[in-house]
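Participant: Below is the file run08.pdb, with PDB, C-alpha atoms and all ligand atoms.
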```pdb
ATOM      1  CA  MET A   6      42.110 112.812   5.982
ATOM      2  CA  ALA A   7      39.256 110.313   5.751
ATOM      3  CA  SER A   8      37.895 109.932   2.264
ATOM      4  CA  PRO A   9      34.560 111.742   1.967
ATOM      5  CA  LYS A  10      31.878 109.227   2.643
ATOM      6  CA  LYS A  11      28.165 109.152   3.053
ATOM      7  CA  LYS A  12      27.319 110.274   6.572
ATOM      8  CA  LEU A  13      26.416 107.469   8.932
ATOM      9  CA  GLN A  14      22.785 108.059   9.806
ATOM     10  CA  GLY A  15      19.580 106.285  10.736
ATOM     11  CA  LEU A  16      19.645 103.058  12.678
ATOM     12  CA  VAL A  17      22.820 101.118  13.306
ATOM     13  CA  ALA A  18      22.415  97.652  14.843
ATOM     14  CA  ALA A  19      24.980  96.862  17.527
ATOM     15  CA  THR A  20      25.548  93.313  16.383
ATOM     16  CA  ILE A  21      25.533  90.274  18.610
ATOM     17  CA  THR A  22      28.400  87.827  18.195
ATOM     18  CA  PRO A  23      26.685  84.484  17.603
ATOM     19  CA  MET A  24      28.228  81.603  19.533
ATOM     20  CA  THR A  25      27.862  77.846  19.622
ATOM     21  CA  GLU A  26      26.768  76.026  22.750
ATOM     22  CA  HIS A  27      30.500  75.301  23.277
ATOM     23  CA  GLY A  28      31.383  78.978  23.375
ATOM     24  CA  GLU A  29      33.004  79.230  19.950
ATOM     25  CA  ILE A  30      32.001  81.925  17.487
ATOM     26  CA  ASN A  31      29.322  80.692  15.132
ATOM     27  CA  PHE A  32      30.440  82.345  11.897
ATOM     28  CA  SER A  33      28.036  80.229   9.869
ATOM     29  CA  VAL A  34      24.952  82.336  10.700
ATOM     30  CA  ILE A  35      26.378  85.792   9.982
ATOM     31  CA  GLY A  36      25.231  85.810   6.339
ATOM     32  CA  GLN A  37      21.707  84.951   7.433
ATOM     33  CA  TYR A  38      21.921  87.614  10.144
ATOM     34  CA  VAL A  39      22.816  90.306   7.564
ATOM     35  CA  ASP A  40      19.813  89.333   5.427
ATOM     36  CA  TYR A  41      17.546  89.380   8.458
ATOM     37  CA  LEU A  42      18.610  92.905   9.448
ATOM     38  CA  VAL A  43      18.178  94.274   5.952
ATOM     39  CA  LYS A  44      15.004  92.475   4.917
ATOM     40  CA  GLU A  45      13.081  92.072   8.162
ATOM     41  CA  GLN A  46      14.223  95.075  10.181
ATOM     42  CA  GLY A  47      15.140  97.613   7.502
ATOM     43  CA  VAL A  48      18.511  98.185   9.204
ATOM     44  CA  LYS A  49      21.469  98.642   6.851
ATOM     45  CA  ASN A  50      24.249  99.821   9.172
ATOM     46  CA  ILE A  51      26.019  97.762  11.789
ATOM     47  CA  PHE A  52      28.372  98.318  14.705
ATOM     48  CA  VAL A  53      30.541  95.240  15.220
ATOM     49  CA  ASN A  54      32.453  94.010  18.302
ATOM     50  CA  GLY A  55      30.949  96.608  20.624
ATOM     51  CA  THR A  56      29.242  96.024  23.957
ATOM     52  CA  THR A  57      26.459  93.875  22.526
ATOM     53  CA  GLY A  58      28.991  91.969  20.439
ATOM     54  CA  GLU A  59      31.038  91.137  23.564
ATOM     55  CA  GLY A  60      34.009  92.667  21.758
ATOM     56  CA  LEU A  61      36.085  93.008  24.908
ATOM     57  CA  SER A  62      35.482  89.336  25.765
ATOM     58  CA  LEU A  63      36.886  88.119  22.436
ATOM     59  CA  SER A  64      40.518  87.484  21.630
ATOM     60  CA  ILE A  65      42.213  89.793  19.126
ATOM     61  CA  SER A  66      42.239  87.033  16.551
ATOM     62  CA  GLU A  67      38.515  86.413  17.081
ATOM     63  CA  ARG A  68      37.775  90.131  16.749
ATOM     64  CA  ARG A  69      39.634  90.216  13.451
ATOM     65  CA  ARG A  70      37.748  87.213  12.101
ATOM     66  CA  VAL A  71      34.361  88.529  13.255
ATOM     67  CA  ALA A  72      35.049  91.890  11.589
ATOM     68  CA  GLU A  73      36.097  90.138   8.369
ATOM     69  CA  GLU A  74      32.985  88.001   8.299
ATOM     70  CA  TRP A  75      30.616  90.950   8.738
ATOM     71  CA  VAL A  76      32.406  93.011   6.093
ATOM     72  CA  THR A  77      32.400  90.088   3.650
ATOM     73  CA  LYS A  78      28.804  89.048   4.221
ATOM     74  CA  GLY A  79      27.593  92.653   4.293
ATOM     75  CA  ARG A  80      29.177  93.581   0.950
ATOM     76  CA  ASN A  81      26.574  95.037  -1.458
ATOM     77  CA  LYS A  82      23.885  94.542   1.190
ATOM     78  CA  LEU A  83      24.790  96.878   4.040
ATOM     79  CA  ASP A  84      25.465 100.603   3.774
ATOM     80  CA  GLN A  85      28.110 100.880   6.491
ATOM     81  CA  VAL A  86      30.025  98.514   8.729
ATOM     82  CA  VAL A  87      31.712 100.225  11.667
ATOM     83  CA  ILE A  88      34.128  98.164  13.732
ATOM     84  CA  HIS A  89      34.718  98.837  17.389
ATOM     85  CA  VAL A  90      38.492  98.547  17.919
ATOM     86  CA  GLY A  91      38.793  99.793  21.495
ATOM     87  CA  ALA A  92      41.081  97.784  23.788
ATOM     88  CA  LEU A  93      43.070  98.234  26.972
ATOM     89  CA  SER A  94      46.299  97.993  25.023
ATOM     90  CA  LEU A  95      47.030 100.795  22.580
ATOM     91  CA  LYS A  96      48.983  98.343  20.421
ATOM     92  CA  GLU A  97      46.039  95.964  20.150
ATOM     93  CA  SER A  98      43.704  98.812  19.363
ATOM     94  CA  GLN A  99      46.038 100.028  16.622
ATOM     95  CA  GLU A 100      46.340  96.537  15.204
ATOM     96  CA  LEU A 101      42.557  96.235  15.041
ATOM     97  CA  ALA A 102      42.207  99.698  13.491
ATOM     98  CA  GLN A 103      44.734  98.859  10.792
ATOM     99  CA  HIS A 104      43.011  95.546  10.182
ATOM    100  CA  ALA A 105      39.605  97.274   9.838
ATOM    101  CA  ALA A 106      41.102  99.502   7.146
ATOM    102  CA  GLU A 107      42.649  96.542   5.327
ATOM    103  CA  ILE A 108      39.391  94.601   5.144
ATOM    104  CA  GLY A 109      37.405  97.576   3.844
ATOM    105  CA  ALA A 110      35.337  98.562   6.881
ATOM    106  CA  ASP A 111      33.559 101.920   6.691
ATOM    107  CA  GLY A 112      34.666 103.270  10.036
ATOM    108  CA  ILE A 113      36.162 102.518  13.420
ATOM    109  CA  ALA A 114      35.036 103.402  16.917
ATOM    110  CA  VAL A 115      36.953 103.414  20.188
ATOM    111  CA  ILE A 116      35.938 103.448  23.854
ATOM    112  CA  ALA A 117      38.091 104.951  26.577
ATOM    113  CA  PRO A 118      40.539 102.418  28.045
ATOM    114  CA  PHE A 119      38.979 101.374  31.315
ATOM    115  CA  PHE A 120      41.538  99.610  33.537
ATOM    116  CA  LEU A 121      44.404 102.060  33.648
ATOM    117  CA  LYS A 122      42.227 105.034  32.816
ATOM    118  CA  PRO A 123      42.960 108.363  31.142
ATOM    119  CA  TRP A 124      42.641 110.905  33.916
ATOM    120  CA  ASN A 125      41.751 113.904  31.813
ATOM    121  CA  LYS A 126      40.453 114.893  28.430
ATOM    122  CA  ASP A 127      43.883 115.502  26.883
ATOM    123  CA  VAL A 128      45.182 112.068  27.829
ATOM    124  CA  LEU A 129      42.040 110.422  26.476
ATOM    125  CA  ILE A 130      42.356 112.323  23.192
ATOM    126  CA  ASN A 131      46.021 111.352  22.915
ATOM    127  CA  PHE A 132      45.031 107.710  23.194
ATOM    128  CA  LEU A 133      42.227 108.063  20.616
ATOM    129  CA  LYS A 134      44.541 109.980  18.298
ATOM    130  CA  GLU A 135      47.144 107.216  18.321
ATOM    131  CA  VAL A 136      44.509 104.646  17.429
ATOM    132  CA  ALA A 137      42.965 106.802  14.690
ATOM    133  CA  ALA A 138      46.418 107.340  13.181
ATOM    134  CA  ALA A 139      46.716 103.603  12.570
ATOM    135  CA  ALA A 140      43.819 103.854  10.090
ATOM    136  CA  PRO A 141      44.325 107.312   8.561
ATOM    137  CA  ALA A 142      41.757 106.824   5.813
ATOM    138  CA  LEU A 143      38.919 105.572   7.993
ATOM    139  CA  PRO A 144      36.233 107.707   9.634
ATOM    140  CA  PHE A 145      36.733 107.648  13.389
ATOM    141  CA  TYR A 146      34.003 107.654  16.059
ATOM    142  CA  TYR A 147      34.451 108.149  19.774
ATOM    143  CA  TYR A 148      32.315 105.666  21.722
ATOM    144  CA  HIS A 149      31.207 107.307  24.963
ATOM    145  CA  ILE A 150      29.860 104.766  27.454
ATOM    146  CA  PRO A 151      30.869 106.035  30.914
ATOM    147  CA  ALA A 152      28.704 103.631  32.925
ATOM    148  CA  LEU A 153      30.740 100.705  31.592
ATOM    149  CA  THR A 154      34.196 102.249  31.174
ATOM    150  CA  GLY A 155      34.092 104.245  34.408
ATOM    151  CA  VAL A 156      35.710 107.108  32.472
ATOM    152  CA  LYS A 157      33.464 110.013  33.373
ATOM    153  CA  ILE A 158      35.021 112.704  31.178
ATOM    154  CA  ARG A 159      32.091 114.508  29.563
ATOM    155  CA  ALA A 160      31.674 113.937  25.844
ATOM    156  CA  GLU A 161      31.289 117.686  25.385
ATOM    157  CA  GLU A 162      34.863 118.130  26.658
ATOM    158  CA  VAL A 163      36.228 115.337  24.493
ATOM    159  CA  LEU A 164      34.697 116.867  21.363
ATOM    160  CA  ASP A 165      36.086 120.319  22.056
ATOM    161  CA  GLY A 166      38.716 120.805  19.353
ATOM    162  CA  ILE A 167      38.907 117.085  18.562
ATOM    163  CA  GLN A 168      39.026 117.469  14.784
ATOM    164  CA  GLU A 169      42.214 119.499  15.016
ATOM    165  CA  LYS A 170      43.813 116.566  16.844
ATOM    166  CA  ILE A 171      42.097 113.730  15.005
ATOM    167  CA  PRO A 172      41.473 114.770  11.382
ATOM    168  CA  THR A 173      39.469 111.603  10.694
ATOM    169  CA  PHE A 174      37.051 112.310  13.535
ATOM    170  CA  GLN A 175      33.577 111.834  12.129
ATOM    171  CA  GLY A 176      31.228 111.439  15.033
ATOM    172  CA  LEU A 177      30.167 110.425  18.473
ATOM    173  CA  LYS A 178      28.423 107.310  19.675
ATOM    174  CA  PHE A 179      26.813 108.457  22.895
ATOM    175  CA  SER A 180      25.652 105.639  25.187
ATOM    176  CA  ASP A 181      24.618 107.629  28.221
ATOM    177  CA  THR A 182      21.457 109.187  29.614
ATOM    178  CA  ASP A 183      22.969 112.651  30.193
ATOM    179  CA  LEU A 184      20.995 114.559  27.587
ATOM    180  CA  LEU A 185      22.543 117.854  28.627
ATOM    181  CA  ASP A 186      25.974 116.551  27.707
ATOM    182  CA  PHE A 187      24.644 115.069  24.448
ATOM    183  CA  ALA A 188      22.805 118.255  23.480
ATOM    184  CA  GLN A 189      25.891 120.359  24.176
ATOM    185  CA  CYS A 190      27.926 118.106  21.878
ATOM    186  CA  VAL A 191      25.404 118.822  19.117
ATOM    187  CA  ASP A 192      25.058 122.516  19.884
ATOM    188  CA  GLN A 193      28.789 123.205  19.957
ATOM    189  CA  ASN A 194      29.566 121.297  16.784
ATOM    190  CA  ARG A 195      26.595 122.032  14.595
ATOM    191  CA  GLN A 196      28.610 123.556  11.769
ATOM    192  CA  ARG A 197      30.771 120.466  11.499
ATOM    193  CA  GLN A 198      29.265 117.547   9.665
ATOM    194  CA  PHE A 199      29.632 115.117  12.554
ATOM    195  CA  ALA A 200      27.366 112.134  13.131
ATOM    196  CA  PHE A 201      25.708 112.247  16.545
ATOM    197  CA  LEU A 202      24.665 108.679  17.240
ATOM    198  CA  PHE A 203      22.588 108.061  20.328
ATOM    199  CA  GLY A 204      22.927 104.779  22.204
ATOM    200  CA  VAL A 205      20.093 104.610  24.712
ATOM    201  CA  ASP A 206      17.324 103.068  22.650
ATOM    202  CA  GLU A 207      14.527 103.729  25.135
ATOM    203  CA  GLN A 208      15.271 107.479  25.037
ATOM    204  CA  LEU A 209      15.965 107.920  21.344
ATOM    205  CA  LEU A 210      13.067 110.278  20.659
ATOM    206  CA  SER A 211      14.385 112.775  23.233
ATOM    207  CA  ALA A 212      17.801 112.590  21.574
ATOM    208  CA  LEU A 213      16.283 113.178  18.127
ATOM    209  CA  VAL A 214      14.802 116.392  19.460
ATOM    210  CA  MET A 215      18.306 117.335  20.673
ATOM    211  CA  GLY A 216      19.750 116.741  17.212
ATOM    212  CA  ALA A 217      20.775 113.078  17.074
ATOM    213  CA  THR A 218      21.500 112.148  13.469
ATOM    214  CA  GLY A 219      21.261 108.416  14.082
ATOM    215  CA  ALA A 220      21.297 105.709  16.702
ATOM    216  CA  VAL A 221      23.395 102.666  17.576
ATOM    217  CA  GLY A 222      21.787 100.070  19.777
ATOM    218  CA  SER A 223      21.088  96.479  20.673
ATOM    219  CA  THR A 224      17.322  96.591  20.232
ATOM    220  CA  TYR A 225      17.585  97.594  16.562
ATOM    221  CA  ASN A 226      18.475  93.964  15.914
ATOM    222  CA  TYR A 227      14.874  92.981  16.582
ATOM    223  CA  LEU A 228      12.936  96.267  16.997
ATOM    224  CA  GLY A 229      14.527  98.002  14.017
ATOM    225  CA  LYS A 230      11.334  98.029  12.009
ATOM    226  CA  LYS A 231       9.364  99.513  14.882
ATOM    227  CA  THR A 232      12.051 102.112  15.608
ATOM    228  CA  ASN A 233      12.226 103.044  11.921
ATOM    229  CA  GLN A 234       8.497 103.844  12.121
ATOM    230  CA  MET A 235       9.322 106.243  14.942
ATOM    231  CA  LEU A 236      12.107 107.864  12.894
ATOM    232  CA  GLU A 237       9.754 108.252   9.936
ATOM    233  CA  ALA A 238       7.042 109.830  12.106
ATOM    234  CA  PHE A 239       9.627 112.221  13.565
ATOM    235  CA  GLU A 240      10.879 113.095  10.091
ATOM    236  CA  ARG A 241       7.397 114.042   8.898
ATOM    237  CA  LYS A 242       6.877 115.995  12.148
ATOM    238  CA  ASP A 243       4.123 113.700  13.364
ATOM    239  CA  PHE A 244       5.310 113.949  16.951
ATOM    240  CA  SER A 245       2.232 112.327  18.423
ATOM    241  CA  SER A 246       2.827 109.124  16.417
ATOM    242  CA  ALA A 247       6.554 109.276  17.135
ATOM    243  CA  LEU A 248       5.790 109.447  20.851
ATOM    244  CA  ASN A 249       3.383 106.517  20.617
ATOM    245  CA  HIS A 250       6.088 104.449  18.966
ATOM    246  CA  GLN A 251       8.623 105.436  21.620
ATOM    247  CA  PHE A 252       6.206 104.622  24.435
ATOM    248  CA  CYS A 253       5.530 101.270  22.865
ATOM    249  CA  ILE A 254       9.250 100.468  22.599
ATOM    250  CA  GLN A 255       9.697 101.667  26.171
ATOM    251  CA  ARG A 256       6.984  99.318  27.401
ATOM    252  CA  PHE A 257       9.052  96.404  26.174
ATOM    253  CA  ILE A 258      12.437  97.694  27.349
ATOM    254  CA  ASN A 259      11.038  98.719  30.721
ATOM    255  CA  PHE A 260       9.551  95.265  31.137
ATOM    256  CA  VAL A 261      12.793  93.414  30.392
ATOM    257  CA  VAL A 262      14.930  95.863  32.374
ATOM    258  CA  LYS A 263      12.865  94.995  35.450
ATOM    259  CA  LEU A 264      13.563  91.312  34.822
ATOM    260  CA  GLY A 265      17.301  91.992  34.444
ATOM    261  CA  PHE A 266      18.467  92.955  30.955
ATOM    262  CA  GLY A 267      21.864  92.933  29.283
ATOM    263  CA  VAL A 268      23.831  91.261  26.517
ATOM    264  CA  SER A 269      22.791  87.705  27.531
ATOM    265  CA  GLN A 270      19.135  88.644  27.393
ATOM    266  CA  THR A 271      19.636  90.420  24.058
ATOM    267  CA  LYS A 272      21.005  87.155  22.663
ATOM    268  CA  ALA A 273      17.976  85.242  23.910
ATOM    269  CA  ILE A 274      15.484  87.782  22.545
ATOM    270  CA  MET A 275      17.194  87.952  19.158
ATOM    271  CA  THR A 276      17.177  84.146  18.893
ATOM    272  CA  LEU A 277      13.472  84.183  19.653
ATOM    273  CA  VAL A 278      12.501  86.964  17.278
ATOM    274  CA  SER A 279      14.773  86.194  14.326
ATOM    275  CA  GLY A 280      14.909  82.416  14.633
ATOM    276  CA  ILE A 281      18.704  82.651  14.148
ATOM    277  CA  PRO A 282      20.571  80.924  16.997
ATOM    278  CA  MET A 283      22.715  83.463  18.818
ATOM    279  CA  GLY A 284      23.874  80.948  21.411
ATOM    280  CA  PRO A 285      24.986  81.682  24.951
ATOM    281  CA  PRO A 286      27.193  84.610  25.947
ATOM    282  CA  ARG A 287      30.799  84.099  26.994
ATOM    283  CA  LEU A 288      31.815  84.092  30.654
ATOM    284  CA  PRO A 289      31.647  86.144  32.813
ATOM    285  CA  LEU A 290      28.139  86.602  31.371
ATOM    286  CA  GLN A 291      25.558  83.938  32.089
ATOM    287  CA  LYS A 292      22.937  82.602  29.730
ATOM    288  CA  ALA A 293      19.483  84.190  30.132
ATOM    289  CA  SER A 294      17.123  82.040  32.148
ATOM    290  CA  ARG A 295      14.221  80.139  30.637
ATOM    291  CA  GLU A 296      11.909  82.203  32.812
ATOM    292  CA  PHE A 297      13.292  85.418  31.314
ATOM    293  CA  THR A 298      12.825  84.155  27.764
ATOM    294  CA  ASP A 299       9.258  83.006  28.402
ATOM    295  CA  ASN A 300       8.300  86.322  29.960
ATOM    296  CA  ALA A 301       9.993  88.323  27.205
ATOM    297  CA  GLU A 302       8.212  86.252  24.581
ATOM    298  CA  ALA A 303       4.818  86.851  26.180
ATOM    299  CA  LYS A 304       5.508  90.582  26.267
ATOM    300  CA  LEU A 305       6.659  90.642  22.642
ATOM    301  CA  ARG A 306       3.468  88.880  21.659
ATOM    302  CA  SER A 307       1.210  91.177  23.609
ATOM    303  CA  LEU A 308       2.860  94.208  21.981
ATOM    304  CA  ASP A 309       2.603  92.528  18.573
ATOM    305  CA  PHE A 310       6.391  92.624  18.146
ATOM    306  CA  LEU A 311       6.531  89.012  17.002
ATOM    307  CA  SER A 312       5.530  88.441  13.432
ATOM    308  CA  PHE A 313       4.270  84.897  14.020
ATOM    309  CA  ASN A 314       0.661  84.192  13.113
ATOM    310  CA  ASP A 315      -0.017  82.031  16.110
ATOM    311  CA  LEU A 316      -1.271  84.605  18.586
ATOM    312  CA  LYS A 317      -3.527  82.715  20.907
ATOM    313  CA  ASP A 318      -4.446  85.409  23.384
ATOM    314  CA  GLY A 319      -4.936  88.277  20.950
ATOM    315  CA  ASN A 320      -2.960  91.506  21.016
ATOM    316  CA  LEU A 321      -3.550  92.553  24.558
ATOM    317  CA  GLU A 322      -1.753  95.874  24.299
ATOM    318  CA  ALA A 323      -0.646  96.052  20.693
ATOM    319  CA  CYS A 324       0.659  99.474  19.729
ATOM    320  CA  SER A 325      -0.474 101.165  16.567
TER
HETATM  321  C1  LIG A 401      24.739  99.497  27.856
HETATM  322  C2  LIG A 401      24.254  98.978  26.530
HETATM  323  O1  LIG A 401      24.424  97.825  26.249
HETATM  324  N1  LIG A 401      23.675  99.845  25.746
HETATM  325  C3  LIG A 401      23.178  99.486  24.422
HETATM  326  C4  LIG A 401      21.736  99.917  24.249
HETATM  327  O2  LIG A 401      21.303  99.564  22.970
HETATM  328  C5  LIG A 401      20.853  99.225  25.286
HETATM  329  O3  LIG A 401      20.946  97.828  25.147
HETATM  330  C6  LIG A 401      19.396  99.645  25.125
HETATM  331  O4  LIG A 401      19.296 101.044  25.177
HETATM  332  C7  LIG A 401      18.513  99.012  26.196
HETATM  333  O5  LIG A 401      18.795  99.561  27.457
HETATM  334  C8  LIG A 401      24.048 100.150  23.359
HETATM  335  O6  LIG A 401      24.278 101.495  23.654
HETATM  336  C9  LIG A 401      25.351  99.390  23.277
HETATM  337  C10 LIG A 401      25.941  99.411  21.963
HETATM  338  O7  LIG A 401      25.597 100.192  21.124
HETATM  339  C11 LIG A 401      26.983  98.431  21.671
HETATM  340  O8  LIG A 401      26.696  97.260  21.676
HETATM  341  O9  LIG A 401      28.113  98.831  21.461
END
```
Starting from the file, lay out its structure as structure tokens.
Facilitator:
Amino acid sequence: MASPKKKLQGLVAATITPMTEHGEINFSVIGQYVDYLVKEQGVKNIFVNGTTGEGLSLSISERRRVAEEWVTKGRNKLDQVVIHVGALSLKESQELAQHAAEIGADGIAVIAPFFLKPWNKDVLINFLKEVAAAAPALPFYYYHIPALTGVKIRAEEVLDGIQEKIPTFQGLKFSDTDLLDFAQCVDQNRQRQFAFLFGVDEQLLSALVMGATGAVGSTYNYLGKKTNQMLEAFERKDFSSALNHQFCIQRFINFVVKLGFGVSQTKAIMTLVSGIPMGPPRLPLQKASREFTDNAEAKLRSLDFLSFNDLKDGNLEACS
């Protein structure tokens, strides 16, 4: 059984894996990155080696070293460090789970294997169970991201009876827009103290209404402060302010989505906003174009999302 631990809640930044221009991992900026999240964005939980972290594009040895660096640099600064240990090979996933336990991570998460896929709920749970068993003292999260894995088994089905099979099961990271499925996960498991972590940043307010207890996402790296204002407004039941904050965040995400948005663009935006070099992504991803970065910067400025004092054009559409 997992040792009782503080529930993972609030914002969780899906960390980027910083890289050098030569495509090697740039471990040297991770300490600075931790400080930036805590001090500038008010984000004290991280999700390492997930989608944003290009976890599936790293070698097993790189994933181990990245996890170690975040745990080490986050010690006494971060509340929780969750490591994504999903892999196509059960053995690799187990190795990473065991490693996460050894280095003192606070939890592990696993996606569905996506090449040879589980064809029903029971097979998927068997896979997850075998991984969880490799780290029997660590809280376990199922990472539901059907658009990327192609595994379309509803999260509601996966959660049905999961704790009996996986005693360390502690929550769901739900990266999908199907709010019916998400809400049913909450509704059917309300008595259990699970964490329901939503992963579509532009729709977080809707998920909060449905009972999300926290959120994992890429934009919390650089819009954490803004999103925390939304969470605070929601908490004090000021729904009008919460909605304004969500609309404001949506204006930015909608803008970049139309330009073409993904992990590469997240790296470029984070470099711009934080000043910490995130470097290029690894193939098969391509570096964001200069045009993208210029347009994203102009939008960030007009929404007053950049804390520089050199606004030349004024806040054209700054949100309150
Ligand atoms: C598909 C995808 O990358 N989704 C992001 C979102 O944060 C996403 O970037 C955001 O909602 C903007 O669309 C996260 O759910 C991914 C995530 O948490 C991770 O990196 O593991």
Participant: Report the closest atom pair, with its distance in Å rounded to one decimal, for each residue of chain A that has an atom no farther than 10 Å from ligand LIG 401 (chain A); count all atoms listed in the file, sort by chain and then rising residue number, and write it as CSV.
Facilitator:
```
residue,atom,partner,partner_atom,distance
A:Val17,CA,A:LIG401,O7,8.3
A:Ala18,CA,A:LIG401,O7,7.5
A:Ala19,CA,A:LIG401,O8,4.5
A:Thr20,CA,A:LIG401,O8,6.7
A:Ile21,CA,A:LIG401,O8,7.7
A:Ile51,CA,A:LIG401,O7,9.7
A:Phe52,CA,A:LIG401,O9,6.8
A:Val53,CA,A:LIG401,O9,7.6
A:Asn54,CA,A:LIG401,O9,7.2
A:Gly55,CA,A:LIG401,O9,3.7
A:Thr56,CA,A:LIG401,O8,3.6
A:Thr57,CA,A:LIG401,O8,3.5
A:Gly58,CA,A:LIG401,O8,5.9
A:Glu59,CA,A:LIG401,O8,7.7
A:Gly60,CA,A:LIG401,O9,8.5
A:Ile88,CA,A:LIG401,O9,9.8
A:His89,CA,A:LIG401,O9,7.8
A:Ala114,CA,A:LIG401,O9,9.5
A:Ile116,CA,A:LIG401,O9,9.4
A:Tyr148,CA,A:LIG401,O9,8.0
A:His149,CA,A:LIG401,O6,9.1
A:Ile150,CA,A:LIG401,C1,7.4
A:Pro151,CA,A:LIG401,C1,9.5
A:Ala152,CA,A:LIG401,C1,7.6
A:Leu153,CA,A:LIG401,C1,7.2
A:Lys178,CA,A:LIG401,O7,7.8
A:Phe179,CA,A:LIG401,O6,7.4
A:Ser180,CA,A:LIG401,O6,4.6
A:Asp181,CA,A:LIG401,O6,7.7
A:Thr182,CA,A:LIG401,O4,9.5
A:Leu202,CA,A:LIG401,O7,9.4
A:Phe203,CA,A:LIG401,O6,7.6
A:Gly204,CA,A:LIG401,O6,3.8
A:Val205,CA,A:LIG401,O4,3.7
A:Asp206,CA,A:LIG401,O4,3.8
A:Glu207,CA,A:LIG401,O4,5.5
A:Gln208,CA,A:LIG401,O4,7.6
A:Leu209,CA,A:LIG401,O4,8.5
A:Ala220,CA,A:LIG401,O7,8.3
A:Val221,CA,A:LIG401,O7,4.9
A:Gly222,CA,A:LIG401,O2,3.3
A:Ser223,CA,A:LIG401,O2,3.9
A:Thr224,CA,A:LIG401,O2,5.7
A:Tyr225,CA,A:LIG401,O2,7.7
A:Asn226,CA,A:LIG401,O2,9.4
A:Gln255,CA,A:LIG401,C7,9.2
A:Phe257,CA,A:LIG401,C7,9.8
A:Ile258,CA,A:LIG401,C7,6.3
A:Asn259,CA,A:LIG401,O5,8.5
A:Val261,CA,A:LIG401,C7,9.0
A:Val262,CA,A:LIG401,O5,7.3
A:Phe266,CA,A:LIG401,O5,7.5
A:Gly267,CA,A:LIG401,O1,6.3
A:Val268,CA,A:LIG401,O1,6.6
A:Gln270,CA,A:LIG401,O3,9.6
A:Thr271,CA,A:LIG401,O3,7.6
```
Participant: Between A:Ala138, A:Leu210, A:Val76, A:Ala160, which one has atoms that come closest to A:Gln193, using only C-alpha atoms?
Facilitator: A:Ala160
Participant: Give me the result of the PyMOL selection byres (((chain A and resi 276-290) around 8) and not hetatm) on this file, residue by residue, as a PDB file with C-alpha atoms, in the coordinates of the input.
Facilitator:
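Output below, filename selection-v2.pdb:
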```
ATOM      1  CA  ILE A  21      25.533  90.274  18.610  1.00  0.00           C
ATOM      2  CA  THR A  22      28.400  87.827  18.195  1.00  0.00           C
ATOM      3  CA  PRO A  23      26.685  84.484  17.603  1.00  0.00           C
ATOM      4  CA  MET A  24      28.228  81.603  19.533  1.00  0.00           C
ATOM      5  CA  THR A  25      27.862  77.846  19.622  1.00  0.00           C
ATOM      6  CA  GLU A  26      26.768  76.026  22.750  1.00  0.00           C
ATOM      7  CA  GLY A  28      31.383  78.978  23.375  1.00  0.00           C
ATOM      8  CA  VAL A  34      24.952  82.336  10.700  1.00  0.00           C
ATOM      9  CA  GLN A  37      21.707  84.951   7.433  1.00  0.00           C
ATOM     10  CA  TYR A  38      21.921  87.614  10.144  1.00  0.00           C
ATOM     11  CA  TYR A  41      17.546  89.380   8.458  1.00  0.00           C
ATOM     12  CA  GLU A  59      31.038  91.137  23.564  1.00  0.00           C
ATOM     13  CA  SER A  62      35.482  89.336  25.765  1.00  0.00           C
ATOM     14  CA  TYR A 227      14.874  92.981  16.582  1.00  0.00           C
ATOM     15  CA  VAL A 268      23.831  91.261  26.517  1.00  0.00           C
ATOM     16  CA  SER A 269      22.791  87.705  27.531  1.00  0.00           C
ATOM     17  CA  LYS A 272      21.005  87.155  22.663  1.00  0.00           C
ATOM     18  CA  ALA A 273      17.976  85.242  23.910  1.00  0.00           C
ATOM     19  CA  ILE A 274      15.484  87.782  22.545  1.00  0.00           C
ATOM     20  CA  MET A 275      17.194  87.952  19.158  1.00  0.00           C
ATOM     21  CA  GLN A 291      25.558  83.938  32.089  1.00  0.00           C
ATOM     22  CA  LYS A 292      22.937  82.602  29.730  1.00  0.00           C
ATOM     23  CA  ALA A 293      19.483  84.190  30.132  1.00  0.00           C
ATOM     24  CA  GLU A 302       8.212  86.252  24.581  1.00  0.00           C
ATOM     25  CA  LEU A 311       6.531  89.012  17.002  1.00  0.00           C
TER      26      LEU A 311
END
```
Participant: Applying 10 Å and all atoms listed in the file, which residues near A:Thr77 remain after dropping the ones on its own chain fewer than 6 positions away? List them as a list in words.
Facilitator: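 Counting only the stated atoms, we get Ile35, Gly36, Val71, Ile108, Gly109 and Ala110 of chain A.
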Participant: Within 9 Å of A:Glu161, counting only C-alpha atoms, which residues qualify if same-chain residues fewer than 6 places away don't, as a PyMOL selection string?
Facilitator: chain A and resi 186-191+193
Participant: Please compute the atom CA of A:Val87-atom CA of A:Phe32 distance, one decimal, in Å.
Facilitator: 17.9 Å
Participant: Give me the box for stretch 51-62 of chain A as JSON, namely the centre and edge lengths in Å to one decimal of a box along x, y and z that holds every listed atom plus 8 Å on each side.
Facilitator:
```
{"center_x": 31.1, "center_y": 93.8, "center_z": 18.8, "size_x": 26.1, "size_y": 25.0, "size_z": 30.0}
```
Participant: What's the separation between atom CA of A:Phe119 and atom CA of A:Gln168, in Å to one decimal place?
Facilitator: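 Computing the Euclidean distance for atom CA of A:Phe119 and atom CA of A:Gln168 yields 23.1 Å.
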Participant: Record the distance separating atom CA of A:Glu45 and atom CA of A:Ala217, expressed in Å with one decimal.
Facilitator: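 Computing the Euclidean distance for atom CA of A:Glu45 and atom CA of A:Ala217 yields 24.1 Å.
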Participant: When distances are computed from all atoms listed in the file, which of A:Ser66, A:Ser94, A:Asn125, A:Gln251 shows the smallest separation from A:Leu228?
Facilitator: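 Nearest candidate to A:Leu228 out of A:Ser66, A:Ser94, A:Asn125, A:Gln251: A:Gln251.
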